[in-house]
Every structure is written in C-alpha cells, then in structure tokens.
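Enquirer: Take this structure, written in structure tokens, and hold onto it; I'll ask about it next.
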Amino acid sequence: MGYAGKTVWIIGASDGIGAALVRALAREGTRLILSARNEAALRTLASTCGDARVLPLDLSVAGSLAHAVSTIAPGTLDAIICTAALYEPGRVEDLDPEITARLVAVNLLGSFDVARLAPPLLRDGGQLVLFGSVAGYFGLPGGQPYSATKAAVNNLAETLRIELAPRVDVRLVCPGFVSTRLTAKNDFSMPAVITPDQAAKAVMRGLQRRSFEVHFPKRFTWAVKCLRALPYAQSLRLTARLVKTDDR
Ligand SMILES: NC(=O)c1ccc[n+]([C@@H]2O[C@H](COP(=O)([O-])OP(=O)(O)OC[C@H]3O[C@@H](n4cnc5c(N)ncnc54)[C@H](OP(=O)(O)O)[C@@H]3O)[C@@H](O)[C@H]2O)c1
C-alpha cells in the first residue's frame with residue numbers, strides 16, 4: 001500500500017531507523033503517531049513533520065503500552081511499526097542480569113505486548129510490522145542476549161502472520177547493519193553497513209510489496225541466510241572464525 005494520507009503509529013520513533021522512517025513517511029504525506037521514551041526527541045521530530053501526534057511510552061513499564069493503546073480509536077490505523085529495541089554486545093559469561101532482563105523486556109516481551117494489544121487499532125487489511133534482525137538468523141559470538149531476542153521476534157512474526165490473517169497483514173523487517181546509536185556499541189567494522197535513511201527507504205519499498213519478510217541489504221542478508229541453511233558442522237566452523245583470538 002502507498003502511505004500518502006494513511007495513519008501510521010511508529011513505536012521506537014525517537015531515533016535511528018524509526019526516526020528515519022518518520023521523516024520518509026512525513027514526506028509521503030502520512031499522518032503519524034510517534035512513540036518512544038524520549039518525549040523531547042519525539043516533539044522535536046514531530047515539529048518537522050506536520051501534524052504528527054506525540055505519544056510517549058516505555059515498553060518496559062507495565063501498563064505504559066496499554067495506556068497508549070487506550071488513547072487511539074480501534075480500527076483507525078493503517079499500520080503499526082515497532083522498531084523499539086535495546087542492544088548490548090558481549091560474551092554470555094559477562095552478562096549483567098539486570099541489563100539482560102531489561103533487554104528481554106523491551107525486545108521480546110515488548111513485541112509480545114504490541115502483538116497482543118495493538119492489532120484491534122488497525123483497520124481491516126492494516127499492517128503490523130515487527131523489527132527482528134539478521135542477528136536472529138543464527139547465534140553469532142558476542143551478540144547475546146540481543147541475538148536470542150531477535151530470533152524470538154522473527155519466530156513470533158511467523159506465527160502472527162498466520163494467526164492474524166487475513167484481517168492483519170503482518171510483516172517482519174530484518175535489517176543487516178545500520179549505522180545508529182545501537183550499532184555504535186560495536187567494536188568491529190560492520191560489513192555492508194548502511195545509513196538509517198537508506199534503511200528507511202528499503203523498509204518502505206519492502207512494505208509496499210507483498211513479501212512477508214523485508215530484509216536488506218541483500219548482499220549481506222543472503223549470506224547470513226546461506227549460513228543458516230548449512231549443516232552445523234560447516235556453519236559453526238565459519239562462525240568460530242568471527243571470534244577474536246584475544247577473546248578465547
Ligand atoms: N541498527 C542495526 O544495525 C539493526 C540491525 C538489525 C536490526 N535492527 C533493529 O532495528 C530496530 C531499530 O534499531 P535502531 O538501530 O534504529 O535502534 P536505535 O537507534 O537505538 O532506536 C531504537 C528506538 O527504540 C526506542 N526504545 C528503546 N527502548 C524503548 C522502550 N523501553 N520503550 C519504547 N521505546 C524504546 C528508542 O527510543 P527511546 O530511547 O526514546 O525510548 C529508539 O527510538 C530495532 O528493533 C533493532 O533491533 C537494527
């Protein structure tokens with residue numbers, strides 16, 4: 001579907017790919033509802049895109065999403081796009097339990113809450129868009145617990161695609177590396193990295209097609225899909241090469 005004149009709610013709109021999507025959709029003439037925790041950042045963004053509504057929420061706080069949902073009339077949205085997520089790279093043995101719990105709360109439980117509470121807001125045929133990741137295709141060293149939460153979101157979207165059909169058009173977005181504050185935490189050179197504006201363009205192009213999964217850039221995502229398809233004896237030999245020698 002084209003987005004001109006449509007109403008779209010973006011959760012995770014204050015920064016990164018979400019903010020780039022807001023700018024791209026505003027240029028198309030989309031009516032926008034912007035959510036994330038940082039209200040000041042949302043207001044600054046809203047001031048640059050017409051009559052966007054700011055609806056702050058925190059996916060990790062009980063009742064916050066439900067309250068936001070209660071302020072939107074059922075059946076009035078054309079799409080809900082949830083990009084909200086947290087990321088902390090590191091080895092599993094070094095995980096901080098509190099950070100792990102927060103990450104699972106936002107990335108995984110937050111996605112379940114969006115999937116449970118938000119669909120009634122969509123008109124018939126509206127889109128529910130979840131952001132998984134290429135990181136969820138295969139467990140790479142140094143990427144937990146983020147990678148596990150994204151594998152779960154990929155899996156959740158597959159289930160929802162069937163459970164909510166035909167009323168809701170569920171889509172899964174799996175980006176490769178995008179240069180945002182999230183990946184600024186990486187201490188390695190990211191292959192095939194793209195900008196948030198390039199990512200937003202790829203998302204909009206993909207969502208206007210019919211495929212369930214929108215993944216990009218293809219030169220990177222197909223390589224990881226191939227890795228996933230290999231027998232473990234080969235794929236694990238390849239991912240072992242990603243471990244820096246001083247990490248062993
Ligand atoms: N960047 C990449 O390379 C990459 C690759 C694959 C997949 N992805 C996925 O793409 C999506 C967007 O990533 P990004 O790189 O754009 O990240 P980002 O720049 O860090 O933006 C994340 C957004 O989520 C919001 N958010 C975080 N915690 C929240 C919470 N508790 N409640 C509500 N909103 C919250 C943030 O806003 P506040 O801080 O204001 O709450 C921000 O608007 C994520 O789902 C990520 O997993 C990214």
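By order in the structure tokens, chains are A, B, ...; within a chain, residues start at 1; ligands start at 1, following the order shown.
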May I have a table of the residues of chain A lying at most 7 Å from ligand 1, giving each one's closest pair of atoms and their distance in Å to one decimal, counting only C-alpha atoms and all ligand atoms, ordered by chain and ascending residue number, as a tab-separated table?

Expert:
residue	atom	partner	partner_atom_place_in_ligand_line	distance
A:Ile11	CA	ligand 1	34 (N)	6.1
A:Gly12	CA	ligand 1	43 (O)	3.6
A:Ala13	CA	ligand 1	43 (O)	4.5
A:Ser14	CA	ligand 1	43 (O)	3.8
A:Asp15	CA	ligand 1	43 (O)	4.1
A:Gly16	CA	ligand 1	19 (O)	3.3
A:Ile17	CA	ligand 1	16 (O)	3.7
A:Gly18	CA	ligand 1	16 (O)	5.6
A:Ala19	CA	ligand 1	43 (O)	6.8
A:Ser35	CA	ligand 1	34 (N)	6.7
A:Ala36	CA	ligand 1	34 (N)	3.7
A:Arg37	CA	ligand 1	41 (O)	3.5
A:Asn38	CA	ligand 1	40 (O)	3.6
A:Glu39	CA	ligand 1	40 (O)	6.9
A:Ala41	CA	ligand 1	40 (O)	7.0
A:Leu57	CA	ligand 1	33 (C)	5.6
A:Asp58	CA	ligand 1	32 (N)	3.5
A:Leu59	CA	ligand 1	32 (N)	3.9
A:Ser60	CA	ligand 1	31 (N)	4.8
A:Thr83	CA	ligand 1	11 (C)	4.2
A:Ala84	CA	ligand 1	24 (O)	3.2
A:Ala85	CA	ligand 1	45 (O)	4.5
A:Leu86	CA	ligand 1	27 (C)	5.6
A:Val106	CA	ligand 1	31 (N)	5.2
A:Phe131	CA	ligand 1	45 (O)	4.7
A:Gly132	CA	ligand 1	7 (C)	5.9
A:Ser133	CA	ligand 1	7 (C)	4.1
A:Val134	CA	ligand 1	6 (C)	6.0
A:Ala135	CA	ligand 1	6 (C)	6.5
A:Lys150	CA	ligand 1	47 (O)	6.9
A:Cys174	CA	ligand 1	7 (C)	5.8
A:Pro175	CA	ligand 1	6 (C)	4.2
A:Gly176	CA	ligand 1	5 (C)	4.9
A:Phe177	CA	ligand 1	3 (O)	3.5
A:Val178	CA	ligand 1	3 (O)	3.6
A:Ser179	CA	ligand 1	1 (N)	5.7
A:Thr180	CA	ligand 1	15 (O)	4.7
A:Arg181	CA	ligand 1	19 (O)	4.9
A:Leu182	CA	ligand 1	20 (O)	4.3
A:Thr183	CA	ligand 1	1 (N)	5.3

Enquirer: A:Leu156: which residues within 12 Å, counting only C-alpha atoms, same-chain residues fewer than 2 positions away excluded, as a ChimeraX atom specification?

Expert: /A:107-116,129-132,136,149-154,158-164,170-172

Enquirer: Emit the selected residues as a PDB file, in the first residue's frame, including N, CA and C atoms.

Expert:
ATOM      1  N   ASN A 107      12.775  -5.918  24.013  1.00  0.00           N
ATOM      2  CA  ASN A 107      12.841  -6.541  22.676  1.00  0.00           C
ATOM      3  C   ASN A 107      11.816  -7.662  22.508  1.00  0.00           C
ATOM      4  N   LEU A 108      11.690  -8.507  23.532  1.00  0.00           N
ATOM      5  CA  LEU A 108      10.843  -9.687  23.371  1.00  0.00           C
ATOM      6  C   LEU A 108       9.457  -9.490  23.989  1.00  0.00           C
ATOM      7  N   LEU A 109       9.426  -9.194  25.310  1.00  0.00           N
ATOM      8  CA  LEU A 109       8.103  -9.040  25.940  1.00  0.00           C
ATOM      9  C   LEU A 109       7.375  -7.837  25.352  1.00  0.00           C
ATOM     10  N   GLY A 110       8.137  -6.783  25.004  1.00  0.00           N
ATOM     11  CA  GLY A 110       7.536  -5.604  24.371  1.00  0.00           C
ATOM     12  C   GLY A 110       6.884  -5.978  23.044  1.00  0.00           C
ATOM     13  N   SER A 111       7.549  -6.837  22.276  1.00  0.00           N
ATOM     14  CA  SER A 111       6.963  -7.268  20.984  1.00  0.00           C
ATOM     15  C   SER A 111       5.699  -8.089  21.210  1.00  0.00           C
ATOM     16  N   PHE A 112       5.721  -8.964  22.243  1.00  0.00           N
ATOM     17  CA  PHE A 112       4.503  -9.728  22.560  1.00  0.00           C
ATOM     18  C   PHE A 112       3.364  -8.781  22.950  1.00  0.00           C
ATOM     19  N   ASP A 113       3.695  -7.744  23.740  1.00  0.00           N
ATOM     20  CA  ASP A 113       2.644  -6.804  24.153  1.00  0.00           C
ATOM     21  C   ASP A 113       2.070  -6.055  22.955  1.00  0.00           C
ATOM     22  N   VAL A 114       2.951  -5.630  22.050  1.00  0.00           N
ATOM     23  CA  VAL A 114       2.478  -4.934  20.847  1.00  0.00           C
ATOM     24  C   VAL A 114       1.569  -5.876  20.054  1.00  0.00           C
ATOM     25  N   ALA A 115       2.007  -7.135  19.910  1.00  0.00           N
ATOM     26  CA  ALA A 115       1.237  -8.109  19.121  1.00  0.00           C
ATOM     27  C   ALA A 115      -0.115  -8.421  19.765  1.00  0.00           C
ATOM     28  N   ARG A 116      -0.176  -8.347  21.092  1.00  0.00           N
ATOM     29  CA  ARG A 116      -1.404  -8.688  21.827  1.00  0.00           C
ATOM     30  C   ARG A 116      -2.373  -7.501  21.880  1.00  0.00           C
ATOM     31  N   VAL A 129       3.923  -4.332  11.742  1.00  0.00           N
ATOM     32  CA  VAL A 129       5.307  -4.539  11.310  1.00  0.00           C
ATOM     33  C   VAL A 129       6.218  -4.685  12.520  1.00  0.00           C
ATOM     34  N   LEU A 130       6.830  -5.870  12.654  1.00  0.00           N
ATOM     35  CA  LEU A 130       7.770  -6.101  13.751  1.00  0.00           C
ATOM     36  C   LEU A 130       9.190  -6.069  13.205  1.00  0.00           C
ATOM     37  N   PHE A 131      10.105  -5.515  13.995  1.00  0.00           N
ATOM     38  CA  PHE A 131      11.517  -5.499  13.613  1.00  0.00           C
ATOM     39  C   PHE A 131      12.251  -6.628  14.310  1.00  0.00           C
ATOM     40  N   GLY A 132      12.593  -7.667  13.536  1.00  0.00           N
ATOM     41  CA  GLY A 132      13.511  -8.695  14.015  1.00  0.00           C
ATOM     42  C   GLY A 132      14.905  -8.273  13.609  1.00  0.00           C
ATOM     43  N   GLY A 136      19.048 -12.518  14.298  1.00  0.00           N
ATOM     44  CA  GLY A 136      18.213 -13.613  14.785  1.00  0.00           C
ATOM     45  C   GLY A 136      18.266 -14.848  13.892  1.00  0.00           C
ATOM     46  N   THR A 149      16.842 -12.582  21.483  1.00  0.00           N
ATOM     47  CA  THR A 149      15.535 -11.894  21.473  1.00  0.00           C
ATOM     48  C   THR A 149      15.072 -11.658  20.040  1.00  0.00           C
ATOM     49  N   LYS A 150      16.017 -11.389  19.137  1.00  0.00           N
ATOM     50  CA  LYS A 150      15.633 -11.122  17.754  1.00  0.00           C
ATOM     51  C   LYS A 150      15.218 -12.415  17.036  1.00  0.00           C
ATOM     52  N   ALA A 151      15.877 -13.543  17.382  1.00  0.00           N
ATOM     53  CA  ALA A 151      15.432 -14.837  16.836  1.00  0.00           C
ATOM     54  C   ALA A 151      13.990 -15.080  17.264  1.00  0.00           C
ATOM     55  N   ALA A 152      13.683 -14.720  18.503  1.00  0.00           N
ATOM     56  CA  ALA A 152      12.327 -14.917  19.017  1.00  0.00           C
ATOM     57  C   ALA A 152      11.327 -13.995  18.317  1.00  0.00           C
ATOM     58  N   VAL A 153      11.726 -12.759  18.027  1.00  0.00           N
ATOM     59  CA  VAL A 153      10.810 -11.842  17.322  1.00  0.00           C
ATOM     60  C   VAL A 153      10.568 -12.343  15.894  1.00  0.00           C
ATOM     61  N   ASN A 154      11.632 -12.816  15.228  1.00  0.00           N
ATOM     62  CA  ASN A 154      11.446 -13.392  13.884  1.00  0.00           C
ATOM     63  C   ASN A 154      10.402 -14.511  13.948  1.00  0.00           C
ATOM     64  N   GLU A 158       6.416 -14.898  12.418  1.00  0.00           N
ATOM     65  CA  GLU A 158       5.966 -16.018  11.565  1.00  0.00           C
ATOM     66  C   GLU A 158       4.617 -16.558  12.072  1.00  0.00           C
ATOM     67  N   THR A 159       4.500 -16.689  13.388  1.00  0.00           N
ATOM     68  CA  THR A 159       3.249 -17.175  13.978  1.00  0.00           C
ATOM     69  C   THR A 159       2.105 -16.194  13.737  1.00  0.00           C
ATOM     70  N   LEU A 160       2.403 -14.897  13.994  1.00  0.00           N
ATOM     71  CA  LEU A 160       1.355 -13.881  13.853  1.00  0.00           C
ATOM     72  C   LEU A 160       0.862 -13.760  12.421  1.00  0.00           C
ATOM     73  N   ARG A 161       1.788 -13.952  11.483  1.00  0.00           N
ATOM     74  CA  ARG A 161       1.419 -13.849  10.058  1.00  0.00           C
ATOM     75  C   ARG A 161       0.209 -14.747   9.765  1.00  0.00           C
ATOM     76  N   ILE A 162       0.184 -15.930  10.380  1.00  0.00           N
ATOM     77  CA  ILE A 162      -0.915 -16.865  10.154  1.00  0.00           C
ATOM     78  C   ILE A 162      -2.071 -16.586  11.118  1.00  0.00           C
ATOM     79  N   GLU A 163      -1.731 -16.381  12.396  1.00  0.00           N
ATOM     80  CA  GLU A 163      -2.812 -16.213  13.383  1.00  0.00           C
ATOM     81  C   GLU A 163      -3.682 -14.981  13.119  1.00  0.00           C
ATOM     82  N   LEU A 164      -3.082 -13.902  12.620  1.00  0.00           N
ATOM     83  CA  LEU A 164      -3.850 -12.660  12.441  1.00  0.00           C
ATOM     84  C   LEU A 164      -4.411 -12.485  11.021  1.00  0.00           C
ATOM     85  N   VAL A 170       0.674  -9.015   8.601  1.00  0.00           N
ATOM     86  CA  VAL A 170       1.851  -8.985   9.482  1.00  0.00           C
ATOM     87  C   VAL A 170       3.123  -9.049   8.644  1.00  0.00           C
ATOM     88  N   ARG A 171       4.076  -8.177   8.949  1.00  0.00           N
ATOM     89  CA  ARG A 171       5.353  -8.144   8.224  1.00  0.00           C
ATOM     90  C   ARG A 171       6.506  -8.203   9.220  1.00  0.00           C
ATOM     91  N   LEU A 172       7.603  -8.805   8.736  1.00  0.00           N
ATOM     92  CA  LEU A 172       8.830  -8.887   9.528  1.00  0.00           C
ATOM     93  C   LEU A 172       9.925  -8.129   8.794  1.00  0.00           C
TER      94      LEU A 172
END

Enquirer: Taking only stretch 2-247 of chain A into account, list the residues labelled strand (DSSP E or B) by DSSP (computed from the backbone), as an MDAnalysis selection string.

Expert: chainID A and resid 7:11 31:35 53:54 77:82 90 122:131 143 169:175 178 194 213:216

Enquirer: Env of stretch 91-96 of chain A: 10 Å cut, atoms = only C-alpha atoms, seq-sep filter 2 positions within chain, self excluded. Answer as a ChimeraX atom specification.

Expert: /A:88-89,98-101,141-145,247

Enquirer: Let me make sure I understand: among A:Ala62, A:Leu207, A:Ala157, A:Ala52, which one has the smallest atom-to-atom distance to A:Gln127 if we use only C-alpha atoms?

Expert: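 So, comparing all the options, the nearest one is A:Leu207.
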
Enquirer: Which residues are near A:Ala202? Cut-off 9 Å, only C-alpha atoms, ignore same chain within fewer than 2 positions. Put them as a PyMOL selection string.

Expert: chain A and resi 197-200+204-207+214-217

Enquirer: Filtering to N, CA and C atoms, could you give me those residues as a compact mmCIF listing (two decimals), in the first residue's frame?

Expert:
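The result, written out as again09.txt:
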# COMPACT_ATOMS: atom_id res chain seq x y z
N ASP A 197 18.69 6.42 6.77
CA ASP A 197 17.84 6.86 5.66
C ASP A 197 17.77 5.79 4.56
N GLN A 198 18.91 5.12 4.30
CA GLN A 198 18.88 4.01 3.31
C GLN A 198 18.01 2.87 3.84
N ALA A 199 18.11 2.62 5.15
CA ALA A 199 17.29 1.54 5.75
C ALA A 199 15.81 1.89 5.63
N ALA A 200 15.46 3.14 5.93
CA ALA A 200 14.05 3.55 5.87
C ALA A 200 13.51 3.39 4.45
N MET A 204 10.39 1.00 3.42
CA MET A 204 9.18 1.49 2.73
C MET A 204 8.95 0.77 1.41
N ARG A 205 10.06 0.53 0.70
CA ARG A 205 9.94 -0.20 -0.57
C ARG A 205 9.42 -1.62 -0.30
N GLY A 206 9.98 -2.28 0.71
CA GLY A 206 9.60 -3.66 1.03
C GLY A 206 8.16 -3.76 1.50
N LEU A 207 7.73 -2.79 2.31
CA LEU A 207 6.37 -2.86 2.86
C LEU A 207 5.32 -2.60 1.78
N VAL A 214 10.93 -8.34 4.97
CA VAL A 214 11.68 -7.27 4.30
C VAL A 214 13.09 -7.34 4.86
N HIS A 215 14.07 -7.76 4.05
CA HIS A 215 15.44 -7.85 4.56
C HIS A 215 16.39 -7.12 3.63
N PHE A 216 17.40 -6.50 4.22
CA PHE A 216 18.32 -5.65 3.44
C PHE A 216 19.56 -5.36 4.29
N PRO A 217 20.68 -4.97 3.69
CA PRO A 217 20.98 -5.03 2.27
C PRO A 217 21.18 -6.48 1.86

Enquirer: Quick one: pull the distance between atom CA of A:Lys218 and atom CA of A:Ala4, Å, one decimal.

Expert: 26.9 Å

Enquirer: May I ask for the distance between atom CA of A:Arg23 and atom CA of A:Ala118, given in Å to one decimal place?

Expert: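 Going from atom CA of A:Arg23 over to atom CA of A:Ala118, I get 22.7 Å.
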
Enquirer: Which residue is closest to A:Ala192? Choose from A:Arg219, A:Thr76, A:Ala240, A:Ala148 and count only C-alpha atoms.

Expert: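 Of A:Arg219, A:Thr76, A:Ala240, A:Ala148, the one nearest A:Ala192 is A:Arg219, counting only C-alpha atoms.
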
Enquirer: How far is it from atom CA of A:Trp9 to atom CA of A:Val69, in Å with one decimal?

Expert: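 A separation of 10.4 Å between them.
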
Enquirer: Between A:Val22, A:Lys6, A:Ser189, A:Glu213, which is the closest to A:Asn155 once you count only C-alpha atoms?

Expert: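 Among the listed residues, the smallest separation from A:Asn155 belongs to A:Glu213.
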
Enquirer: Give me the residues within 7 Å of A:Ala79 as a list in words, counting only C-alpha atoms and dropping any in the same chain fewer than 4 places off.

Expert: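 My reading of the contact set: Thr7, Val8, Trp9, Leu122, Gly126, Gln127 and Leu128 of chain A.
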
Enquirer: With a distance cut-off of 8 Å and only C-alpha atoms, select the neighbouring residues of A:Asp51, excluding the residue or stretch itself and same-chain residues fewer than 5 positions from it, and output the selection as a list in words.

Expert: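 Here the qualifying residues turn out to be Arg31, Leu32 and Ala46 of chain A.
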